[in-house]
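Enquirer: Please find one structure pasted underneath; my questions will follow.
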Amino acid sequence: GAVVSQHPSRVICKSGTSVKIECRSLDFQATTMFWYRQFPKQSLMLMATSNEGSKATYEQGVEKDKFLINHASLTLSTLTVTSAHPEDSSFYICSATSGGAAGQETQYFGPGTRLLVL
Amino acid sequence: AQSVAQPEDQVNVAEGNPLTVKCTYSVSGNPYLFWYVQYPNRGLQFLLKYITGDNLVKGSYGFEAEFNKSQTSFHLKKPSALVSDSALYFCAVRDAGGATNKLIFGTGTLLAVQP
């Protein structure tokens, strides 16, 4: 149980285009989803937290107009990188929780999406 | 503020030997502690967590971790390492009394198990 998928697993795009990444919880309802960015050989940087049906909460320094997050259902959240540039190239990982006692729930992670902007 | 420290960038161990990956934390209240493992170009897999109760927590793949409140540590251990355990390990903490459910991750420790 607790499987999270991401699509696509890898994407290469030209500078200036927009890229959408999907995150799905396959066998549970995700009340909260998180989006992270990971640079090579570094830890995960939380970008934003999204709750189903409400606006995402972005971390300090993350441009909300650049990284659009939509959490339209309890099983799907999307991250759109708008007008992507080479510096946006990274490994993007989502995670999801199914709720439960506040703070005790486990985050289950997707396999990640490798974005390369040329 | 919450923080997590993984003092070792890399741990090397021979197959069959016991392994320890260190983690210390800092929170203002009680901690919820987690260990995750990441294989190359993959997302993180949940190994185990400490919420309350028994200080020794057993998790997936034979891993366990011991919560030590006085030393503010949550070291990951396994009695006998396998080559397939070679991966990047992350410790994470959440403040039980915090206003958010965000996890704070350590910088990761690369475990290399030699055959």
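Every chain in the structure tokens takes a letter, A first, then B, and so on in the order presented; its residues are numbered from 1, and the ligands are numbered from 1 following the presented order.
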May I have the residues within 10 Å of region 96-111 of chain B as JSON, numbers by chain, using only C-alpha atoms and disregarding those fewer than 5 positions away in the same chain?

Expert: {"A": [32, 34, 41, 42, 43, 44, 45, 46, 48, 49, 97, 102, 103, 104, 105, 106, 107], "B": [1, 2, 3, 4, 5, 6, 7, 8, 9, 10, 11, 12, 13, 19, 20, 21, 22, 23, 24, 25, 27, 28, 29, 30, 31, 32, 33, 34, 35, 36, 37, 38, 51, 81, 83, 85, 86, 87, 88, 89, 90, 91]}

Enquirer: Run DSSP on the backbone and grab whatever in chain A lands in strand (DSSP E); send it over as an mmCIF file with N, CA and C atoms, in the first residue's frame.

Expert:
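So the final result, stored in states.cif, reads:
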data_model
loop_
_atom_site.group_PDB
_atom_site.id
_atom_site.type_symbol
_atom_site.label_atom_id
_atom_site.label_comp_id
_atom_site.auth_asym_id
_atom_site.auth_seq_id
_atom_site.Cartn_x
_atom_site.Cartn_y
_atom_site.Cartn_z
ATOM 1 N N VAL A 4 2.851 6.020 -4.491
ATOM 2 C CA VAL A 4 2.745 7.323 -5.137
ATOM 3 C C VAL A 4 3.478 7.248 -6.476
ATOM 4 N N SER A 5 2.813 7.689 -7.526
ATOM 5 C CA SER A 5 3.445 7.672 -8.842
ATOM 6 C C SER A 5 3.662 9.095 -9.340
ATOM 7 N N GLN A 6 4.608 9.251 -10.227
ATOM 8 C CA GLN A 6 4.864 10.528 -10.867
ATOM 9 C C GLN A 6 4.998 10.310 -12.361
ATOM 10 N N HIS A 7 4.533 11.308 -13.100
ATOM 11 C CA HIS A 7 4.647 11.226 -14.547
ATOM 12 C C HIS A 7 4.890 12.618 -15.114
ATOM 13 N N ARG A 10 10.961 11.409 -16.750
ATOM 14 C CA ARG A 10 12.044 12.217 -17.294
ATOM 15 C C ARG A 10 11.494 13.084 -18.403
ATOM 16 N N VAL A 11 11.926 14.327 -18.434
ATOM 17 C CA VAL A 11 11.474 15.221 -19.499
ATOM 18 C C VAL A 11 12.597 16.171 -19.890
ATOM 19 N N ILE A 12 12.729 16.348 -21.195
ATOM 20 C CA ILE A 12 13.679 17.308 -21.748
ATOM 21 C C ILE A 12 12.869 18.323 -22.526
ATOM 22 N N CYS A 13 13.112 19.591 -22.262
ATOM 23 C CA CYS A 13 12.338 20.615 -22.961
ATOM 24 C C CYS A 13 13.243 21.784 -23.336
ATOM 25 N N VAL A 19 6.312 22.956 -18.465
ATOM 26 C CA VAL A 19 6.311 21.513 -18.239
ATOM 27 C C VAL A 19 5.395 21.185 -17.072
ATOM 28 N N LYS A 20 4.533 20.187 -17.264
ATOM 29 C CA LYS A 20 3.633 19.764 -16.186
ATOM 30 C C LYS A 20 4.053 18.403 -15.680
ATOM 31 N N ILE A 21 4.132 18.281 -14.369
ATOM 32 C CA ILE A 21 4.467 17.012 -13.718
ATOM 33 C C ILE A 21 3.278 16.592 -12.863
ATOM 34 N N GLU A 22 2.885 15.345 -13.014
ATOM 35 C CA GLU A 22 1.744 14.836 -12.250
ATOM 36 C C GLU A 22 2.211 13.938 -11.103
ATOM 37 N N CYS A 23 1.514 14.032 -10.012
ATOM 38 C CA CYS A 23 1.772 13.204 -8.838
ATOM 39 C C CYS A 23 0.454 12.566 -8.415
ATOM 40 N N ARG A 24 0.428 11.254 -8.357
ATOM 41 C CA ARG A 24 -0.806 10.547 -8.014
ATOM 42 C C ARG A 24 -0.600 9.590 -6.847
ATOM 43 N N SER A 25 -1.551 9.591 -5.939
ATOM 44 C CA SER A 25 -1.579 8.556 -4.906
ATOM 45 C C SER A 25 -2.464 7.438 -5.447
ATOM 46 N N THR A 32 -2.883 15.750 1.821
ATOM 47 C CA THR A 32 -1.805 16.728 1.649
ATOM 48 C C THR A 32 -0.739 16.138 0.740
ATOM 49 N N MET A 33 -0.267 16.970 -0.179
ATOM 50 C CA MET A 33 0.853 16.583 -1.031
ATOM 51 C C MET A 33 1.939 17.643 -0.929
ATOM 52 N N PHE A 34 3.148 17.192 -1.072
ATOM 53 C CA PHE A 34 4.308 18.069 -0.963
ATOM 54 C C PHE A 34 5.127 17.971 -2.255
ATOM 55 N N TRP A 35 5.734 19.074 -2.628
ATOM 56 C CA TRP A 35 6.639 19.079 -3.774
ATOM 57 C C TRP A 35 8.026 19.500 -3.307
ATOM 58 N N TYR A 36 9.007 18.686 -3.698
ATOM 59 C CA TYR A 36 10.390 18.922 -3.328
ATOM 60 C C TYR A 36 11.241 19.058 -4.589
ATOM 61 N N ARG A 37 12.391 19.672 -4.382
ATOM 62 C CA ARG A 37 13.384 19.761 -5.431
ATOM 63 C C ARG A 37 14.697 19.246 -4.846
ATOM 64 N N GLN A 38 15.394 18.466 -5.626
ATOM 65 C CA GLN A 38 16.646 17.907 -5.136
ATOM 66 C C GLN A 38 17.743 18.144 -6.153
ATOM 67 N N LEU A 44 16.732 17.191 0.124
ATOM 68 C CA LEU A 44 15.501 17.652 -0.489
ATOM 69 C C LEU A 44 15.158 19.048 0.002
ATOM 70 N N MET A 45 14.742 19.896 -0.925
ATOM 71 C CA MET A 45 14.299 21.230 -0.572
ATOM 72 C C MET A 45 12.796 21.299 -0.791
ATOM 73 N N LEU A 46 12.063 21.547 0.276
ATOM 74 C CA LEU A 46 10.615 21.647 0.154
ATOM 75 C C LEU A 46 10.265 22.916 -0.618
ATOM 76 N N MET A 47 9.442 22.741 -1.655
ATOM 77 C CA MET A 47 9.015 23.881 -2.445
ATOM 78 C C MET A 47 7.654 24.396 -1.971
ATOM 79 N N ALA A 48 6.730 23.453 -1.774
ATOM 80 C CA ALA A 48 5.380 23.868 -1.421
ATOM 81 C C ALA A 48 4.598 22.699 -0.846
ATOM 82 N N THR A 49 3.570 23.065 -0.115
ATOM 83 C CA THR A 49 2.638 22.100 0.476
ATOM 84 C C THR A 49 1.265 22.388 -0.095
ATOM 85 N N SER A 50 0.594 21.352 -0.563
ATOM 86 C CA SER A 50 -0.736 21.583 -1.114
ATOM 87 C C SER A 50 -1.763 20.680 -0.454
ATOM 88 N N ASN A 51 -2.875 21.266 -0.113
ATOM 89 C CA ASN A 51 -4.014 20.533 0.430
ATOM 90 C C ASN A 51 -5.124 20.530 -0.604
ATOM 91 N N THR A 57 0.726 26.281 -0.289
ATOM 92 C CA THR A 57 1.561 27.134 0.558
ATOM 93 C C THR A 57 3.000 26.967 0.119
ATOM 94 N N TYR A 58 3.587 28.065 -0.340
ATOM 95 C CA TYR A 58 4.936 28.014 -0.885
ATOM 96 C C TYR A 58 5.967 28.373 0.181
ATOM 97 N N PHE A 67 6.233 28.241 -10.363
ATOM 98 C CA PHE A 67 5.918 26.845 -10.061
ATOM 99 C C PHE A 67 4.457 26.764 -9.622
ATOM 100 N N LEU A 68 3.596 26.469 -10.602
ATOM 101 C CA LEU A 68 2.165 26.431 -10.342
ATOM 102 C C LEU A 68 1.765 25.050 -9.831
ATOM 103 N N ILE A 69 1.069 25.038 -8.714
ATOM 104 C CA ILE A 69 0.649 23.784 -8.110
ATOM 105 C C ILE A 69 -0.869 23.741 -8.027
ATOM 106 N N ASN A 70 -1.405 22.611 -8.484
ATOM 107 C CA ASN A 70 -2.843 22.398 -8.444
ATOM 108 C C ASN A 70 -3.105 21.058 -7.773
ATOM 109 N N HIS A 71 -3.979 21.056 -6.795
ATOM 110 C CA HIS A 71 -4.329 19.811 -6.070
ATOM 111 C C HIS A 71 -5.835 19.659 -6.172
ATOM 112 N N ALA A 72 -6.270 19.249 -7.357
ATOM 113 C CA ALA A 72 -7.688 19.285 -7.680
ATOM 114 C C ALA A 72 -8.486 18.134 -7.085
ATOM 115 N N SER A 73 -7.811 17.042 -6.747
ATOM 116 C CA SER A 73 -8.535 15.902 -6.192
ATOM 117 C C SER A 73 -7.692 15.260 -5.111
ATOM 118 N N LEU A 76 -4.605 13.453 -6.923
ATOM 119 C CA LEU A 76 -3.788 14.062 -7.968
ATOM 120 C C LEU A 76 -3.367 15.472 -7.607
ATOM 121 N N SER A 77 -2.068 15.721 -7.752
ATOM 122 C CA SER A 77 -1.530 17.074 -7.673
ATOM 123 C C SER A 77 -0.609 17.261 -8.865
ATOM 124 N N THR A 78 -0.602 18.476 -9.405
ATOM 125 C CA THR A 78 0.282 18.760 -10.532
ATOM 126 C C THR A 78 1.174 19.951 -10.222
ATOM 127 N N LEU A 79 2.381 19.862 -10.729
ATOM 128 C CA LEU A 79 3.347 20.958 -10.645
ATOM 129 C C LEU A 79 3.665 21.379 -12.068
ATOM 130 N N THR A 80 3.434 22.639 -12.383
ATOM 131 C CA THR A 80 3.766 23.155 -13.706
ATOM 132 C C THR A 80 4.911 24.151 -13.570
ATOM 133 N N VAL A 81 5.994 23.845 -14.248
ATOM 134 C CA VAL A 81 7.127 24.772 -14.297
ATOM 135 C C VAL A 81 6.907 25.655 -15.514
ATOM 136 N N SER A 90 16.414 19.993 -12.711
ATOM 137 C CA SER A 90 16.554 19.424 -11.369
ATOM 138 C C SER A 90 15.775 18.119 -11.306
ATOM 139 N N PHE A 91 15.794 17.526 -10.134
ATOM 140 C CA PHE A 91 15.009 16.327 -9.838
ATOM 141 C C PHE A 91 13.865 16.772 -8.933
ATOM 142 N N TYR A 92 12.640 16.606 -9.417
ATOM 143 C CA TYR A 92 11.472 17.040 -8.663
ATOM 144 C C TYR A 92 10.770 15.810 -8.091
ATOM 145 N N ILE A 93 10.506 15.850 -6.806
ATOM 146 C CA ILE A 93 9.896 14.715 -6.122
ATOM 147 C C ILE A 93 8.657 15.174 -5.376
ATOM 148 N N CYS A 94 7.597 14.394 -5.486
ATOM 149 C CA CYS A 94 6.398 14.706 -4.715
ATOM 150 C C CYS A 94 6.241 13.671 -3.603
ATOM 151 N N SER A 95 5.482 14.036 -2.608
ATOM 152 C CA SER A 95 5.129 13.081 -1.561
ATOM 153 C C SER A 95 3.684 13.339 -1.159
ATOM 154 N N ALA A 96 3.104 12.375 -0.488
ATOM 155 C CA ALA A 96 1.700 12.489 -0.103
ATOM 156 C C ALA A 96 1.474 11.849 1.246
ATOM 157 N N THR A 97 0.528 12.407 1.974
ATOM 158 C CA THR A 97 0.117 11.810 3.241
ATOM 159 C C THR A 97 -1.386 11.594 3.211
ATOM 160 N N TYR A 108 4.750 9.538 1.897
ATOM 161 C CA TYR A 108 5.143 8.536 0.909
ATOM 162 C C TYR A 108 5.525 9.258 -0.369
ATOM 163 N N PHE A 109 6.680 8.878 -0.901
ATOM 164 C CA PHE A 109 7.264 9.633 -1.990
ATOM 165 C C PHE A 109 7.059 8.975 -3.347
ATOM 166 N N THR A 113 10.865 13.065 -10.878
ATOM 167 C CA THR A 113 10.882 13.464 -12.284
ATOM 168 C C THR A 113 12.160 14.239 -12.553
ATOM 169 N N ARG A 114 12.917 13.765 -13.507
ATOM 170 C CA ARG A 114 14.158 14.452 -13.888
ATOM 171 C C ARG A 114 13.827 15.430 -15.004
ATOM 172 N N LEU A 115 14.012 16.720 -14.732
ATOM 173 C CA LEU A 115 13.748 17.766 -15.724
ATOM 174 C C LEU A 115 15.067 18.332 -16.223
ATOM 175 N N LEU A 116 15.212 18.338 -17.533
ATOM 176 C CA LEU A 116 16.377 18.958 -18.163
ATOM 177 C C LEU A 116 15.882 20.007 -19.140
ATOM 178 N N VAL A 117 16.279 21.242 -18.906
ATOM 179 C CA VAL A 117 15.877 22.347 -19.773
ATOM 180 C C VAL A 117 17.086 22.770 -20.607
#

Enquirer: When you look at Lys14 (chain A) with a cut-off of 10 Å (counting only C-alpha atoms), what residues show up, excluding the ones that are within fewer than 6 positions of it in the same chain? I need them as a list in words.

Expert: Ser83, Ala84, His85, Pro86, Leu116, Val117 and Leu118 of chain A

Enquirer: Next, write the just-selected residues to a file, as a PDB file, in the first residue's frame, keeping N, CA, C and O atoms as the atom set.

Expert:
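So out.pdb came out as:
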ATOM      1  N   SER A  83       7.552  28.665 -18.236  1.00  0.00           N
ATOM      2  CA  SER A  83       8.679  29.316 -18.894  1.00  0.00           C
ATOM      3  C   SER A  83      10.001  28.796 -18.314  1.00  0.00           C
ATOM      4  O   SER A  83      10.793  29.550 -17.719  1.00  0.00           O
ATOM      5  N   ALA A  84      10.203  27.515 -18.502  1.00  0.00           N
ATOM      6  CA  ALA A  84      11.363  26.866 -17.882  1.00  0.00           C
ATOM      7  C   ALA A  84      12.674  27.374 -18.454  1.00  0.00           C
ATOM      8  O   ALA A  84      12.771  27.698 -19.652  1.00  0.00           O
ATOM      9  N   HIS A  85      13.669  27.464 -17.601  1.00  0.00           N
ATOM     10  CA  HIS A  85      15.008  27.886 -18.007  1.00  0.00           C
ATOM     11  C   HIS A  85      16.007  26.835 -17.518  1.00  0.00           C
ATOM     12  O   HIS A  85      15.691  26.019 -16.635  1.00  0.00           O
ATOM     13  N   PRO A  86      17.209  26.842 -18.058  1.00  0.00           N
ATOM     14  CA  PRO A  86      18.192  25.818 -17.664  1.00  0.00           C
ATOM     15  C   PRO A  86      18.407  25.690 -16.161  1.00  0.00           C
ATOM     16  O   PRO A  86      18.632  24.592 -15.656  1.00  0.00           O
ATOM     17  N   LEU A 116      15.212  18.338 -17.533  1.00  0.00           N
ATOM     18  CA  LEU A 116      16.377  18.958 -18.163  1.00  0.00           C
ATOM     19  C   LEU A 116      15.882  20.007 -19.140  1.00  0.00           C
ATOM     20  O   LEU A 116      15.129  19.702 -20.071  1.00  0.00           O
ATOM     21  N   VAL A 117      16.279  21.242 -18.906  1.00  0.00           N
ATOM     22  CA  VAL A 117      15.877  22.347 -19.773  1.00  0.00           C
ATOM     23  C   VAL A 117      17.086  22.770 -20.607  1.00  0.00           C
ATOM     24  O   VAL A 117      18.137  23.130 -20.053  1.00  0.00           O
ATOM     25  N   LEU A 118      16.909  22.724 -21.909  1.00  0.00           N
ATOM     26  CA  LEU A 118      18.036  23.029 -22.792  1.00  0.00           C
ATOM     27  C   LEU A 118      18.064  24.500 -23.199  1.00  0.00           C
ATOM     28  O   LEU A 118      17.024  25.156 -23.225  1.00  0.00           O
TER      29      LEU A 118
END

Enquirer: Using only C-alpha atoms, find the one residue out of A:Gly53, A:Gly61, A:Gly16, A:Pro40 that sits nearest to chain B.

Expert: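 Closest to chain B of all the choices is A:Pro40.
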
Enquirer: DSSP says helix (DSSP H, G or I) for which residues of chain B? Put them as a list in words?

Expert: Ser60, Tyr61, Gly62, Val83, Ser84 and Asp85 of chain B

Enquirer: Within 8 Å of Phe67 (chain B), counting only C-alpha atoms, which residues show up once you throw out same-chain ones fewer than 6 positions away? Write them as a short mmCIF file (atom, residue, chain, number, x, y, z; two decimals) with N, CA and C atoms, in the first residue's frame, please.

Expert:
data_model
loop_
_atom_site.label_atom_id
_atom_site.label_comp_id
_atom_site.auth_asym_id
_atom_site.auth_seq_id
_atom_site.Cartn_x
_atom_site.Cartn_y
_atom_site.Cartn_z
N TYR B 50 9.75 7.05 14.45
CA TYR B 50 9.50 7.06 15.89
C TYR B 50 8.49 8.17 16.17
N ASN B 55 11.68 2.99 22.59
CA ASN B 55 12.74 3.77 21.95
C ASN B 55 13.37 3.05 20.77
N LEU B 56 13.27 1.73 20.74
CA LEU B 56 13.83 0.96 19.63
C LEU B 56 12.72 0.69 18.62
N VAL B 57 12.94 1.19 17.43
CA VAL B 57 11.93 1.07 16.38
C VAL B 57 12.47 0.13 15.31
N SER B 73 19.39 11.89 19.59
CA SER B 73 19.86 11.13 18.45
C SER B 73 18.83 10.09 18.02
N PHE B 74 18.97 9.67 16.77
CA PHE B 74 18.08 8.65 16.20
C PHE B 74 18.90 7.91 15.15
N HIS B 75 19.88 7.15 15.60
CA HIS B 75 20.79 6.46 14.70
C HIS B 75 20.14 5.24 14.07
#
